[in-house]
>>> print(open('upload27.cif').read())   # mmCIF, C-alpha atoms
data_my_file
loop_
_atom_site.label_atom_id
_atom_site.label_comp_id
_atom_site.auth_asym_id
_atom_site.auth_seq_id
_atom_site.Cartn_x
_atom_site.Cartn_y
_atom_site.Cartn_z
CA MET F 1 16.23 22.09 -4.74
CA SER F 2 17.21 18.52 -4.15
CA ARG F 3 15.25 15.81 -5.86
CA PRO F 4 13.91 12.98 -3.72
CA GLU F 5 14.58 10.71 -6.68
CA ASP F 6 18.31 11.24 -6.19
CA ASN F 7 18.36 10.03 -2.60
CA LEU F 8 16.71 6.65 -2.20
CA PRO F 9 14.37 4.25 -3.99
CA PRO F 10 10.71 5.28 -3.57
CA ASP F 11 9.69 2.47 -1.23
CA LEU F 12 12.46 3.45 1.18
CA TYR F 13 12.37 7.21 0.70
CA TYR F 14 8.70 7.48 1.59
CA ASN F 15 8.95 5.97 5.04
CA ASP F 16 6.49 6.73 7.84
CA THR F 17 7.86 10.17 8.70
CA GLU F 18 8.41 11.28 5.11
CA SER F 19 4.93 10.08 4.06
CA LEU F 20 3.24 11.96 6.85
CA LYS F 21 5.31 15.07 6.17
CA TYR F 22 4.39 14.89 2.49
CA THR F 23 0.69 14.42 3.13
CA THR F 24 0.25 17.08 5.81
CA SER F 25 2.23 19.78 4.03
CA SER F 26 -0.28 22.36 2.81
CA ARG F 27 2.10 23.40 0.05
CA VAL F 28 2.28 19.87 -1.35
CA GLN F 29 -1.47 19.51 -0.98
CA ALA F 30 -2.13 22.67 -2.97
CA ILE F 31 0.29 21.71 -5.74
CA GLN F 32 -1.13 18.19 -5.97
CA ALA F 33 -4.66 19.55 -6.14
CA THR F 34 -3.93 21.94 -9.01
CA MET F 35 -2.08 19.25 -10.92
CA THR F 36 -4.86 16.71 -10.45
CA ASN F 37 -7.47 19.21 -11.55
CA ARG F 38 -5.42 20.00 -14.60
CA ALA F 39 -5.08 16.28 -15.38
CA LEU F 40 -8.84 15.82 -15.00
CA GLU F 41 -9.42 18.73 -17.34
CA LEU F 42 -7.17 17.06 -19.90
CA LEU F 43 -8.99 13.75 -19.54
CA SER F 44 -12.31 15.54 -20.16
CA LEU F 45 -14.48 12.75 -18.77
CA THR F 46 -18.20 13.41 -18.95
CA THR F 47 -19.52 10.27 -17.26
CA PRO F 48 -18.51 8.72 -13.93
CA SER F 49 -15.52 6.56 -14.81
CA LEU F 50 -13.16 4.00 -13.41
CA ILE F 51 -9.74 5.60 -13.13
CA LEU F 52 -6.37 4.09 -12.33
CA ASP F 53 -4.13 6.27 -10.16
CA ILE F 54 -0.51 5.23 -10.58
CA GLY F 55 1.64 6.30 -7.67
CA CYS F 56 -1.44 7.31 -5.68
CA GLY F 57 0.61 7.82 -2.52
CA SER F 58 -1.59 8.89 0.36
CA GLY F 59 -4.54 9.51 -1.93
CA LEU F 60 -4.21 13.29 -2.28
CA SER F 61 -4.99 13.07 -5.99
CA GLY F 62 -7.56 10.33 -5.49
CA GLU F 63 -9.60 12.50 -3.16
CA ILE F 64 -10.05 15.01 -5.93
CA LEU F 65 -11.18 12.26 -8.29
CA SER F 66 -13.85 11.14 -5.83
CA GLU F 67 -15.05 14.68 -5.20
CA SER F 68 -15.04 15.84 -8.80
CA ASP F 69 -18.17 16.32 -10.85
CA PRO F 70 -19.14 13.69 -11.98
CA PRO F 71 -17.65 11.61 -9.14
CA HIS F 72 -15.20 8.99 -10.35
CA THR F 73 -14.24 5.69 -8.83
CA TRP F 74 -10.53 5.05 -8.63
CA ILE F 75 -8.08 2.28 -7.93
CA GLY F 76 -4.72 3.40 -6.62
CA MET F 77 -1.37 1.74 -6.80
CA ASP F 78 1.80 2.72 -4.98
CA ILE F 79 5.10 1.14 -4.04
CA SER F 80 5.42 2.75 -0.61
CA SER F 81 3.55 0.88 2.10
CA SER F 82 3.92 3.85 4.47
CA MET F 83 2.17 6.10 1.98
CA LEU F 84 -0.64 3.56 1.65
CA ALA F 85 -0.89 3.35 5.43
CA VAL F 86 -1.41 7.12 5.55
CA ALA F 87 -4.05 6.73 2.83
CA LEU F 88 -5.83 4.09 4.93
CA ASP F 89 -5.76 6.39 7.95
CA ARG F 90 -7.31 9.14 5.87
CA GLU F 91 -10.07 6.74 4.78
CA VAL F 92 -9.89 7.45 1.07
CA ASP F 93 -12.64 6.07 -1.16
CA GLY F 94 -10.46 4.29 -3.71
CA ASP F 95 -9.23 0.76 -3.53
CA LEU F 96 -5.49 0.51 -2.86
CA LEU F 97 -2.82 -1.84 -4.15
CA LEU F 98 0.81 -2.19 -3.16
CA GLY F 99 2.74 -2.66 -6.36
CA ASP F 100 5.67 -1.54 -8.48
CA MET F 101 4.70 0.08 -11.77
CA GLY F 102 8.05 -0.90 -13.23
CA GLN F 103 7.05 -4.55 -12.90
CA GLY F 104 4.00 -3.93 -15.07
CA LEU F 105 0.42 -3.34 -13.99
CA PRO F 106 -1.46 -6.49 -12.97
CA PHE F 107 -4.74 -5.66 -14.73
CA ARG F 108 -6.51 -7.45 -17.50
CA ALA F 109 -6.99 -5.78 -20.87
CA GLY F 110 -9.45 -2.93 -21.26
CA SER F 111 -10.11 -2.42 -17.54
CA PHE F 112 -10.00 1.35 -17.15
CA ASP F 113 -11.59 4.39 -18.72
CA ALA F 114 -8.62 6.54 -17.90
CA ALA F 115 -5.44 6.69 -15.87
CA ILE F 116 -3.67 9.48 -14.05
CA SER F 117 -0.30 9.67 -12.43
CA ILE F 118 0.85 12.68 -10.46
CA SER F 119 4.60 13.12 -9.88
CA ALA F 120 5.44 9.46 -10.13
CA ILE F 121 6.78 8.17 -13.41
CA GLN F 122 10.14 9.95 -13.13
CA TRP F 123 10.95 7.38 -10.44
CA LEU F 124 11.07 4.77 -13.20
CA CYS F 125 14.21 6.39 -14.59
CA ASN F 126 16.17 5.50 -11.48
CA GLU F 127 18.58 2.66 -11.43
CA ASP F 128 18.24 1.73 -7.77
CA GLU F 129 19.36 -1.86 -7.88
CA LYS F 130 22.00 -3.57 -9.89
CA GLY F 131 20.61 -5.23 -12.99
CA VAL F 132 17.56 -2.97 -13.16
CA ASP F 133 17.35 -1.23 -16.49
CA PRO F 134 15.19 1.93 -16.53
CA LYS F 135 14.34 1.35 -20.19
CA THR F 136 12.95 -2.12 -19.51
CA ARG F 137 10.96 -0.84 -16.55
CA LEU F 138 9.57 2.06 -18.59
CA SER F 139 8.52 -0.17 -21.45
CA ARG F 140 6.99 -2.73 -19.08
CA PHE F 141 5.02 0.05 -17.44
CA PHE F 142 3.76 1.69 -20.64
CA ASP F 143 3.00 -1.64 -22.37
CA SER F 144 0.87 -2.80 -19.46
CA LEU F 145 -0.76 0.63 -19.14
CA TYR F 146 -1.66 0.58 -22.81
CA ALA F 147 -3.23 -2.84 -22.42
CA SER F 148 -5.20 -2.02 -19.27
CA LEU F 149 -6.87 1.06 -20.77
CA LYS F 150 -9.94 0.59 -22.89
CA ARG F 151 -10.10 1.84 -26.46
CA ASP F 152 -10.62 5.59 -26.64
CA GLY F 153 -9.07 5.73 -23.19
CA LYS F 154 -6.71 8.46 -22.07
CA ALA F 155 -3.94 8.77 -19.56
CA VAL F 156 -2.35 11.90 -18.14
CA CYS F 157 0.96 11.58 -16.34
CA GLN F 158 2.45 14.61 -14.63
CA PHE F 159 6.15 14.10 -14.01
CA TYR F 160 9.37 15.86 -13.11
CA PRO F 161 12.15 14.81 -15.47
CA ARG F 162 15.68 15.57 -14.30
CA ASP F 163 16.69 16.80 -17.74
CA ASP F 164 15.66 16.70 -21.39
CA LYS F 165 17.26 13.31 -21.83
CA GLN F 166 15.03 11.78 -19.19
CA ARG F 167 11.98 13.49 -20.63
CA ASP F 168 12.71 12.12 -24.09
CA MET F 169 13.36 8.65 -22.71
CA ILE F 170 9.92 8.60 -21.07
CA CYS F 171 8.16 9.99 -24.13
CA SER F 172 9.76 7.58 -26.55
CA ALA F 173 8.91 4.62 -24.30
CA ALA F 174 5.26 5.74 -24.33
CA ILE F 175 5.18 6.11 -28.09
CA LYS F 176 6.83 2.72 -28.52
CA ALA F 177 4.04 1.15 -26.46
CA GLY F 178 1.55 2.41 -29.04
CA PHE F 179 0.18 5.54 -27.38
CA GLY F 180 -0.55 8.75 -29.16
CA ALA F 181 1.54 11.07 -27.02
CA GLY F 182 1.85 14.78 -26.44
CA LEU F 183 3.54 16.95 -23.83
CA LEU F 184 1.80 19.84 -22.17
CA GLU F 185 3.91 22.33 -20.26
CA ASP F 186 2.32 24.63 -17.72
CA ASP F 187 4.15 27.78 -16.62
CA PRO F 188 7.07 27.20 -18.99
CA GLU F 189 10.39 28.93 -18.33
CA THR F 190 9.57 29.35 -14.65
CA LYS F 191 10.68 27.39 -11.64
CA ASN F 192 7.12 26.08 -11.24
CA LYS F 193 6.95 24.54 -14.67
CA LYS F 194 4.90 21.36 -14.81
CA LEU F 195 5.09 18.74 -17.50
CA TYR F 196 2.11 16.59 -18.39
CA LEU F 197 2.44 13.61 -20.67
CA VAL F 198 -0.91 13.15 -22.38
CA LEU F 199 -1.46 9.68 -23.79
CA THR F 200 -4.31 8.38 -25.90
CA VAL F 201 -5.26 4.87 -26.93
CA GLY F 202 -6.45 4.59 -30.54
CA GLY F 203 -10.07 5.11 -31.39
CA GLU F 204 -12.32 7.42 -33.31
CA GLY F 205 -12.14 10.39 -30.95
CA ASN F 206 -8.42 10.10 -30.41
CA ARG F 207 -7.02 10.29 -33.93
CA ASP F 208 -4.97 13.35 -33.20
CA ILE F 209 -3.34 14.11 -29.89
CA THR F 210 -3.71 17.86 -30.35
CA GLY F 211 -7.49 17.35 -30.16
CA VAL F 212 -7.09 16.91 -26.40
CA VAL F 213 -6.22 20.54 -25.84
CA ARG F 214 -8.52 21.95 -28.51
CA GLY F 215 -10.77 24.59 -27.02
CA MET F 216 -8.59 25.06 -23.94
CA ASP F 217 -7.47 28.57 -23.12
CA GLY F 218 -3.87 29.66 -23.20
CA VAL F 219 -2.46 26.58 -24.86
CA ASP F 220 -0.05 26.94 -27.78
CA VAL F 221 0.43 23.87 -29.93
CA TYR F 222 3.88 23.07 -31.27
CA ASP F 223 3.47 20.18 -33.66
CA THR F 224 6.84 18.59 -34.34
CA ARG F 225 5.21 16.00 -36.57
CA LYS F 226 4.44 18.73 -39.13
CA LYS F 227 8.07 19.74 -39.19
CA LEU F 228 9.10 16.14 -39.79
CA LEU F 229 6.60 15.89 -42.62
CA GLU F 230 7.92 19.06 -44.23
CA LYS F 231 11.47 17.85 -43.87
CA SER F 232 10.68 14.66 -45.72
CA LYS F 233 8.89 16.68 -48.39
CA GLY F 234 11.87 19.03 -48.73
CA GLU F 235 14.18 16.20 -49.74
CA VAL F 236 15.03 16.34 -53.44
CA LYS F 237 13.90 13.62 -55.80
CA LYS F 238 16.51 11.23 -57.02
CA GLY F 239 17.62 11.89 -60.63
CA THR F 240 16.64 15.54 -60.79
CA LYS F 241 19.17 18.26 -61.51
CA ALA F 242 19.04 19.49 -57.91
CA TRP F 243 19.82 16.00 -56.70
CA ILE F 244 22.80 15.65 -59.05
CA MET F 245 24.14 19.01 -57.91
CA LYS F 246 23.78 18.00 -54.31
CA LYS F 247 25.63 14.74 -54.87
CA LYS F 248 28.40 16.49 -56.80
CA GLU F 249 28.78 18.98 -53.98
CA GLN F 250 29.01 16.12 -51.50
CA GLU F 251 31.74 14.41 -53.49
CA ARG F 252 33.61 17.67 -53.85
CA ARG F 253 33.55 18.15 -50.10
CA LYS F 254 35.08 14.72 -49.70
CA GLY F 255 37.96 16.00 -51.83
CA LYS F 256 37.21 13.90 -54.88
CA ILE F 257 37.68 15.10 -58.44
CA VAL F 258 34.28 16.03 -59.82
CA LYS F 259 33.44 17.32 -63.32
CA ALA F 260 32.70 21.04 -63.42
CA ASP F 261 29.08 22.15 -63.39
CA SER F 262 27.69 23.58 -66.60
CA LYS F 263 24.35 24.23 -68.19
CA TYR F 264 24.48 20.67 -69.53
CA THR F 265 24.74 19.08 -66.09
CA GLY F 266 21.87 16.69 -65.48
CA ARG F 267 20.44 17.00 -68.97
CA LYS F 268 19.33 14.00 -70.99
CA ARG F 269 21.59 13.16 -73.94
CA GLY F 270 20.00 13.86 -77.30
CA ILE F 271 18.93 10.88 -79.44
CA LYS F 272 20.73 12.16 -82.58
CA PHE F 273 23.35 9.49 -82.55
CA MET R 1 -9.85 -5.01 -1.95
CA LYS R 2 -13.24 -4.57 -3.50
CA LEU R 3 -14.73 -7.25 -5.69
CA LEU R 4 -14.78 -4.70 -8.47
CA THR R 5 -10.98 -4.44 -8.35
CA ALA R 6 -10.61 -8.20 -8.05
CA ASN R 7 -12.57 -8.59 -11.27
CA PHE R 8 -9.89 -6.62 -13.11
CA LEU R 9 -6.80 -8.13 -11.51
CA SER R 10 -4.86 -10.95 -13.05
CA CYS R 11 -1.61 -12.60 -12.02
CA ALA R 12 1.38 -10.32 -12.58
CA VAL R 13 3.92 -13.11 -13.00
CA LYS R 14 5.37 -13.00 -16.50
CA ALA R 15 4.91 -16.70 -17.22
CA CYS R 16 1.21 -16.45 -16.32
CA LYS R 17 0.39 -13.66 -18.78
CA SER R 18 -0.61 -16.11 -21.51
CA SER R 19 -2.33 -18.62 -19.25
CA PRO R 20 -6.13 -18.48 -19.04
CA LEU R 21 -5.91 -19.84 -15.48
CA SER R 22 -4.23 -16.65 -14.22
CA PHE R 23 -7.61 -14.90 -14.15
CA PRO R 24 -9.49 -14.62 -11.89
CA LEU R 25 -7.33 -14.81 -8.80
CA HIS R 26 -8.89 -17.07 -6.20
CA PHE R 27 -9.63 -15.82 -2.71
CA LYS R 28 -8.35 -17.77 0.25
CA ASP R 29 -8.94 -17.23 3.98
CA ALA R 30 -10.81 -14.06 3.19
CA GLU R 31 -12.17 -11.84 5.93
CA LEU R 32 -14.96 -9.62 4.69
CA ALA R 33 -16.24 -6.23 5.65
CA SER R 34 -18.92 -3.97 4.34
CA LYS R 35 -18.28 -0.31 3.67
CA SER R 36 -21.00 2.05 2.63
CA VAL R 37 -20.27 3.81 -0.64
CA PRO R 38 -22.51 6.28 -2.49
CA TYR R 39 -24.67 4.50 -5.06
CA ASN R 40 -23.71 5.43 -8.61
CA PRO R 41 -25.97 3.74 -11.19
CA ILE R 42 -24.39 5.43 -14.24
CA LEU R 43 -20.96 4.15 -13.33
CA LEU R 44 -22.32 0.64 -12.78
CA SER R 45 -24.09 0.53 -16.10
CA ASN R 46 -20.86 1.76 -17.74
CA LEU R 47 -18.90 -0.95 -15.99
CA LEU R 48 -21.26 -3.82 -16.64
CA PRO R 49 -20.14 -4.58 -20.22
CA ARG R 50 -16.54 -4.67 -19.03
CA LEU R 51 -17.12 -7.06 -16.14
CA ASP R 52 -16.09 -10.64 -16.59
CA TRP R 53 -19.25 -12.26 -15.24
CA PRO R 54 -18.05 -15.89 -14.88
CA ALA R 55 -15.04 -14.59 -12.95
CA LEU R 56 -17.28 -12.53 -10.69
CA VAL R 57 -19.49 -15.54 -10.02
CA THR R 58 -16.41 -17.60 -9.15
CA SER R 59 -14.91 -15.04 -6.80
CA SER R 60 -18.18 -14.28 -5.06
CA SER R 61 -18.90 -17.98 -4.52
CA GLU R 62 -15.45 -18.24 -2.92
CA LEU R 63 -16.50 -15.49 -0.56
CA GLY R 64 -19.74 -17.24 0.22
CA PHE R 65 -22.52 -15.61 -1.75
CA THR R 66 -24.23 -16.64 -4.93
CA LEU R 67 -24.90 -14.62 -8.04
CA PRO R 68 -27.02 -15.61 -11.03
CA GLN R 69 -25.09 -17.64 -13.60
CA GLN R 70 -26.16 -15.33 -16.41
CA LYS R 71 -24.92 -11.78 -16.71
CA PRO R 72 -27.89 -9.51 -16.02
CA GLU R 73 -29.04 -7.38 -18.93
CA ILE R 74 -29.59 -3.72 -18.37
CA THR R 75 -31.11 -1.30 -20.80
CA PRO R 76 -28.53 1.42 -21.31
CA PHE R 77 -29.93 4.60 -19.87
CA THR R 78 -29.68 8.14 -20.89
CA PRO R 79 -29.33 10.29 -17.81
CA THR R 80 -32.09 12.85 -17.52
CA SER R 81 -31.45 16.23 -16.07
CA SER R 82 -30.81 15.52 -12.43
CA GLU R 83 -33.52 17.54 -10.75
CA ASP R 84 -32.78 16.72 -7.15
CA GLY R 85 -29.03 16.24 -7.45
CA ASP R 86 -29.42 12.48 -7.13
CA ALA R 87 -28.76 10.81 -10.45
CA VAL R 88 -32.20 10.12 -11.86
CA MET R 89 -32.43 7.77 -14.76
CA SER R 90 -35.06 7.60 -17.45
CA GLY R 91 -36.25 4.23 -18.60
CA ALA R 92 -34.78 2.51 -15.57
CA GLY R 93 -37.28 -0.18 -14.75
CA GLU R 94 -37.70 -1.54 -11.27
CA GLU R 95 -36.00 -4.76 -12.36
CA ASP R 96 -32.90 -2.86 -13.52
CA GLU R 97 -32.84 -0.83 -10.35
CA LYS R 98 -32.87 -4.03 -8.32
CA THR R 99 -30.03 -5.54 -10.37
CA LEU R 100 -27.96 -2.39 -10.04
CA ARG R 101 -28.50 -2.23 -6.28
CA MET R 102 -27.39 -5.84 -6.05
CA LEU R 103 -24.31 -5.14 -8.18
CA HIS R 104 -23.50 -2.08 -6.11
CA LYS R 105 -23.65 -4.13 -2.93
CA VAL R 106 -21.41 -6.85 -4.33
CA LEU R 107 -18.91 -4.78 -6.33
CA MET R 108 -18.57 -1.56 -4.38
CA GLU R 109 -19.53 -2.25 -0.79
CA THR R 110 -18.05 -5.69 -0.15
CA GLU R 111 -14.41 -5.55 0.81
CA VAL R 112 -11.85 -8.19 1.60
CA VAL R 113 -9.94 -6.93 4.63
CA GLU R 114 -7.51 -9.77 5.24
CA GLY R 115 -6.73 -12.84 3.23
CA LYS R 116 -4.91 -14.07 0.18
CA MET R 117 -5.41 -14.18 -3.55
CA VAL R 118 -3.99 -17.21 -5.29
CA CYS R 119 -3.14 -17.51 -8.97
CA GLY R 120 -4.71 -20.57 -10.56
CA SER R 121 -1.77 -21.04 -12.89
CA CYS R 122 1.43 -20.61 -10.86
CA GLY R 123 0.01 -20.75 -7.36
CA PHE R 124 1.62 -17.48 -6.29
CA GLU R 125 -0.13 -16.00 -3.25
CA TYR R 126 -0.82 -12.29 -3.09
CA GLY R 127 -1.42 -11.25 0.48
CA ILE R 128 -4.21 -8.85 1.40
CA HIS R 129 -3.57 -6.88 4.54
CA GLN R 130 -5.94 -4.18 5.81
CA THR R 131 -7.73 -4.17 2.41
CA VAL R 132 -4.45 -3.48 0.58
CA ALA R 133 -3.28 -6.26 -1.72
CA ASN R 134 0.44 -6.73 -2.12
CA PHE R 135 1.37 -7.07 -5.78
CA LEU R 136 5.10 -6.63 -5.36
CA LEU R 137 6.87 -9.53 -7.01
CA PRO R 138 10.28 -10.97 -6.23
CA SER R 139 12.57 -9.96 -9.08
CA HIS R 140 12.97 -13.47 -10.52
CA LEU R 141 9.25 -13.63 -11.34
CA VAL R 142 8.97 -10.30 -13.12
#
>>> encode(input="upload27.cif", output="structure tokens")
Amino acid sequence: MSRPEDNLPPDLYYNDTESLKYTTSSRVQAIQATMTNRALELLSLTTPSLILDIGCGSGLSGEILSESDPPHTWIGMDISSSMLAVALDREVDGDLLLGDMGQGLPFRAGSFDAAISISAIQWLCNEDEKGVDPKTRLSRFFDSLYASLKRDGKAVCQFYPRDDKQRDMICSAAIKAGFGAGLLEDDPETKNKKLYLVLTVGGEGNRDITGVVRGMDGVDVYDTRKKLLEKSKGEVKKGTKAWIMKKKEQERRKGKIVKADSKYTGRKRGIKF
Amino acid sequence: MKLLTANFLSCAVKACKSSPLSFPLHFKDAELASKSVPYNPILLSNLLPRLDWPALVTSSSELGFTLPQQKPEITPFTPTSSEDGDAVMSGAGEEDEKTLRMLHKVLMETEVVEGKMVCGSCGFEYGIHQTVANFLLPSHLV
């Protein structure tokens, strides 16, 4: 299936006809609803909160935020004025802003309890104009998002990366901004797979990102950090026999002349002399 | 644009990020409307510590109504089991209820339909059209 990201920049792609088509399609509506519910589940908010919806579009996701239990108040931001016009026609409850997330979010520090973004942040990877670097836009977005969330805040961004490279680019930008980050994949290995980037801002409850999915059904946790830790542990200590053997092997592979190994290799010299 | 949102918005221009004048944005030629929104006292009491009260006083005086100079104090409630579906609060005095109603009216129900928001530092004007504020910046200001 063709990706809208490959055709035009978002403010031009979602023109009046495309916005209306997007909003009235029952298929899109259903998908958006399940994804928003999933995002809400990941945010696990117990009190009515102030939520930022990045790339709110026509307010399909926002509607679910207003109708959820407890009802949340949201502020939506989108780059497409046609989409926002559709949202106005539909009389959504949230407050709307026309803005580009790649320019940074114009909010003061600690404004929001949480943030969601449904199918939006992959647009940041596009290089629509000359002189626009996706990396700069991504870091501007995540830096300002990190600042505008309060401590203990969470953000869930569902996105469609074109490939693994794009996915890694987005994740590393989020981690660089200071977030604790994890990826949740729904329906993996199918054509309907959905990726959620779960972000946490430091605080007591958010020490470990895997805590977000604790107690949720059907979620397997793959912790790559553990593997990294083990890898660093597995490295041999400098000066030990194993280390000397490793170094000798390395030199041998380079084609250098290396003394033969024996039972005396790596032993301390006696003090008899 | 609700006053609640305005209380969280600062100028997006890069050079203004460090300037204390970039917040709050000042309303100009504002046209107001009132929209009825369900009253949510728990949300308001959650929001109150985060509100910048002097900024709210400034922006509401620009729109033509006055608020007390001091941030109202509210005893943090613990929500009791909502018997009739409507959020019932324990320990909510009449005084608190009145303050919250007032805040609800100002923050949630007052909307700027048309007008401008001006940054106090760089003077950039953000247009508000049909309640939607335009925060798109020309690329040289990003």
>>> resolve_selection(input="upload27.cif", expression="the PyMOL selection byres ((chain F and resi 154) around 10)", output="list in words")
Leu42, Leu43, Ser44, Leu45, Ile51, Phe112, Asp113, Ala114, Ala115, Ile116, Tyr146, Leu149, Lys150, Arg151, Asp152, Gly153, Ala155, Val156, Phe179, Gly180, Ala181, Val198, Leu199, Thr200, Val201, Gly202, Asn206 and Val212 of chain F
>>> write_last_selection(input="upload27.cif", atoms="C-alpha atoms", output="PDB file, in the frame of the given file")
ATOM      1  CA  LEU F  42      -7.170  17.060 -19.900  1.00  0.00           C
ATOM      2  CA  LEU F  43      -8.990  13.750 -19.540  1.00  0.00           C
ATOM      3  CA  SER F  44     -12.310  15.540 -20.160  1.00  0.00           C
ATOM      4  CA  LEU F  45     -14.480  12.750 -18.770  1.00  0.00           C
ATOM      5  CA  ILE F  51      -9.740   5.600 -13.130  1.00  0.00           C
ATOM      6  CA  PHE F 112     -10.000   1.350 -17.150  1.00  0.00           C
ATOM      7  CA  ASP F 113     -11.590   4.390 -18.720  1.00  0.00           C
ATOM      8  CA  ALA F 114      -8.620   6.540 -17.900  1.00  0.00           C
ATOM      9  CA  ALA F 115      -5.440   6.690 -15.870  1.00  0.00           C
ATOM     10  CA  ILE F 116      -3.670   9.480 -14.050  1.00  0.00           C
ATOM     11  CA  TYR F 146      -1.660   0.580 -22.810  1.00  0.00           C
ATOM     12  CA  LEU F 149      -6.870   1.060 -20.770  1.00  0.00           C
ATOM     13  CA  LYS F 150      -9.940   0.590 -22.890  1.00  0.00           C
ATOM     14  CA  ARG F 151     -10.100   1.840 -26.460  1.00  0.00           C
ATOM     15  CA  ASP F 152     -10.620   5.590 -26.640  1.00  0.00           C
ATOM     16  CA  GLY F 153      -9.070   5.730 -23.190  1.00  0.00           C
ATOM     17  CA  ALA F 155      -3.940   8.770 -19.560  1.00  0.00           C
ATOM     18  CA  VAL F 156      -2.350  11.900 -18.140  1.00  0.00           C
ATOM     19  CA  PHE F 179       0.180   5.540 -27.380  1.00  0.00           C
ATOM     20  CA  GLY F 180      -0.550   8.750 -29.160  1.00  0.00           C
ATOM     21  CA  ALA F 181       1.540  11.070 -27.020  1.00  0.00           C
ATOM     22  CA  VAL F 198      -0.910  13.150 -22.380  1.00  0.00           C
ATOM     23  CA  LEU F 199      -1.460   9.680 -23.790  1.00  0.00           C
ATOM     24  CA  THR F 200      -4.310   8.380 -25.900  1.00  0.00           C
ATOM     25  CA  VAL F 201      -5.260   4.870 -26.930  1.00  0.00           C
ATOM     26  CA  GLY F 202      -6.450   4.590 -30.540  1.00  0.00           C
ATOM     27  CA  ASN F 206      -8.420  10.100 -30.410  1.00  0.00           C
ATOM     28  CA  VAL F 212      -7.090  16.910 -26.400  1.00  0.00           C
TER      29      VAL F 212
END
>>> interface_residues(input="upload27.cif", of="chain R", to="chain F", cutoff="7 Å", atoms="only C-alpha atoms", output="number ranges by chain")
R: 1-2, 8-12, 42-43, 50, 132-136, 142
>>> resolve_selection(input="upload27.cif", expression="the PyMOL selection byres ((chain R and resi 57) around 8)", output="list of chain:residue names")
R:Trp53, R:Pro54, R:Ala55, R:Leu56, R:Thr58, R:Ser59, R:Ser60, R:Ser61, R:Thr66, R:Leu67, R:Pro68, R:Gln69
>>> closest_residue(input="upload27.cif", among="R:Ala33, R:Ala6, R:Leu25, R:Ile128", to="Glu109 of chain R", atoms="only C-alpha atoms")
R:Ala33
>>> axis_aligned_box(input="upload27.cif", around="segment 17-31 of chain R", padding_each_side="3 Å", output="lines of an AutoDock Vina configuration file")
center_x = -5.9
center_y = -15.8
center_z = -7.8
size_x = 18.6
size_y = 14.0
size_z = 33.4
>>> residues_around(input="upload27.cif", residues="Arg90 of chain F", least_positions_apart="6", cutoff="12 Å", atoms="only C-alpha atoms", output="list in words")
Leu20, Thr23, Thr24, Gly57, Ser58, Gly59, Leu60, Gly62, Glu63, Met83 and Leu84 of chain F
>>> closest_residue(input="upload27.cif", among="R:Glu97, R:Glu125, R:Glu111, R:Glu62", to="Ser45 of chain R", atoms="all atoms listed in the file")
R:Glu97
>>> atom_distance(input="upload27.cif", atom1="atom CA of Thr131 of chain R", atom2="atom CA of Leu32 of chain R")
9.3 Å
>>> closest_residue(input="upload27.cif", among="R:Leu103, R:Leu141, R:Leu51, R:Leu44", to="Cys122 of chain R", atoms="only C-alpha atoms")
R:Leu141
>>> resolve_selection(input="upload27.cif", expression="the PyMOL selection byres ((chain F and resi 36) around 10)", output="PDB file with C-alpha atoms, in the coordinates of the input")
ATOM      1  CA  ALA F  30      -2.130  22.670  -2.970  1.00  0.00           C
ATOM      2  CA  ILE F  31       0.290  21.710  -5.740  1.00  0.00           C
ATOM      3  CA  GLN F  32      -1.130  18.190  -5.970  1.00  0.00           C
ATOM      4  CA  ALA F  33      -4.660  19.550  -6.140  1.00  0.00           C
ATOM      5  CA  THR F  34      -3.930  21.940  -9.010  1.00  0.00           C
ATOM      6  CA  MET F  35      -2.080  19.250 -10.920  1.00  0.00           C
ATOM      7  CA  ASN F  37      -7.470  19.210 -11.550  1.00  0.00           C
ATOM      8  CA  ARG F  38      -5.420  20.000 -14.600  1.00  0.00           C
ATOM      9  CA  ALA F  39      -5.080  16.280 -15.380  1.00  0.00           C
ATOM     10  CA  LEU F  40      -8.840  15.820 -15.000  1.00  0.00           C
ATOM     11  CA  GLU F  41      -9.420  18.730 -17.340  1.00  0.00           C
ATOM     12  CA  LEU F  42      -7.170  17.060 -19.900  1.00  0.00           C
ATOM     13  CA  LEU F  60      -4.210  13.290  -2.280  1.00  0.00           C
ATOM     14  CA  SER F  61      -4.990  13.070  -5.990  1.00  0.00           C
ATOM     15  CA  GLY F  62      -7.560  10.330  -5.490  1.00  0.00           C
ATOM     16  CA  GLU F  63      -9.600  12.500  -3.160  1.00  0.00           C
ATOM     17  CA  ILE F  64     -10.050  15.010  -5.930  1.00  0.00           C
ATOM     18  CA  LEU F  65     -11.180  12.260  -8.290  1.00  0.00           C
ATOM     19  CA  ILE F 116      -3.670   9.480 -14.050  1.00  0.00           C
ATOM     20  CA  SER F 117      -0.300   9.670 -12.430  1.00  0.00           C
ATOM     21  CA  ILE F 118       0.850  12.680 -10.460  1.00  0.00           C
ATOM     22  CA  VAL F 156      -2.350  11.900 -18.140  1.00  0.00           C
ATOM     23  CA  CYS F 157       0.960  11.580 -16.340  1.00  0.00           C
ATOM     24  CA  GLN F 158       2.450  14.610 -14.630  1.00  0.00           C
TER      25      GLN F 158
END
>>> atom_distance(input="upload27.cif", atom1="atom CA of Glu31 of chain R", atom2="atom CA of Cys119 of chain R")
18.3 Å
>>> residues_around(input="upload27.cif", residues="Lys248 of chain F", least_positions_apart="5", cutoff="9 Å", atoms="all atoms listed in the file", output="compact mmCIF listing (two decimals) with C-alpha atoms, in the frame of the given file")
# COMPACT_ATOMS: atom_id res chain seq x y z
CA TRP F 243 19.82 16.00 -56.70
CA ARG F 253 33.55 18.15 -50.10
CA VAL F 258 34.28 16.03 -59.82
CA LYS F 259 33.44 17.32 -63.32
CA ASP F 261 29.08 22.15 -63.39
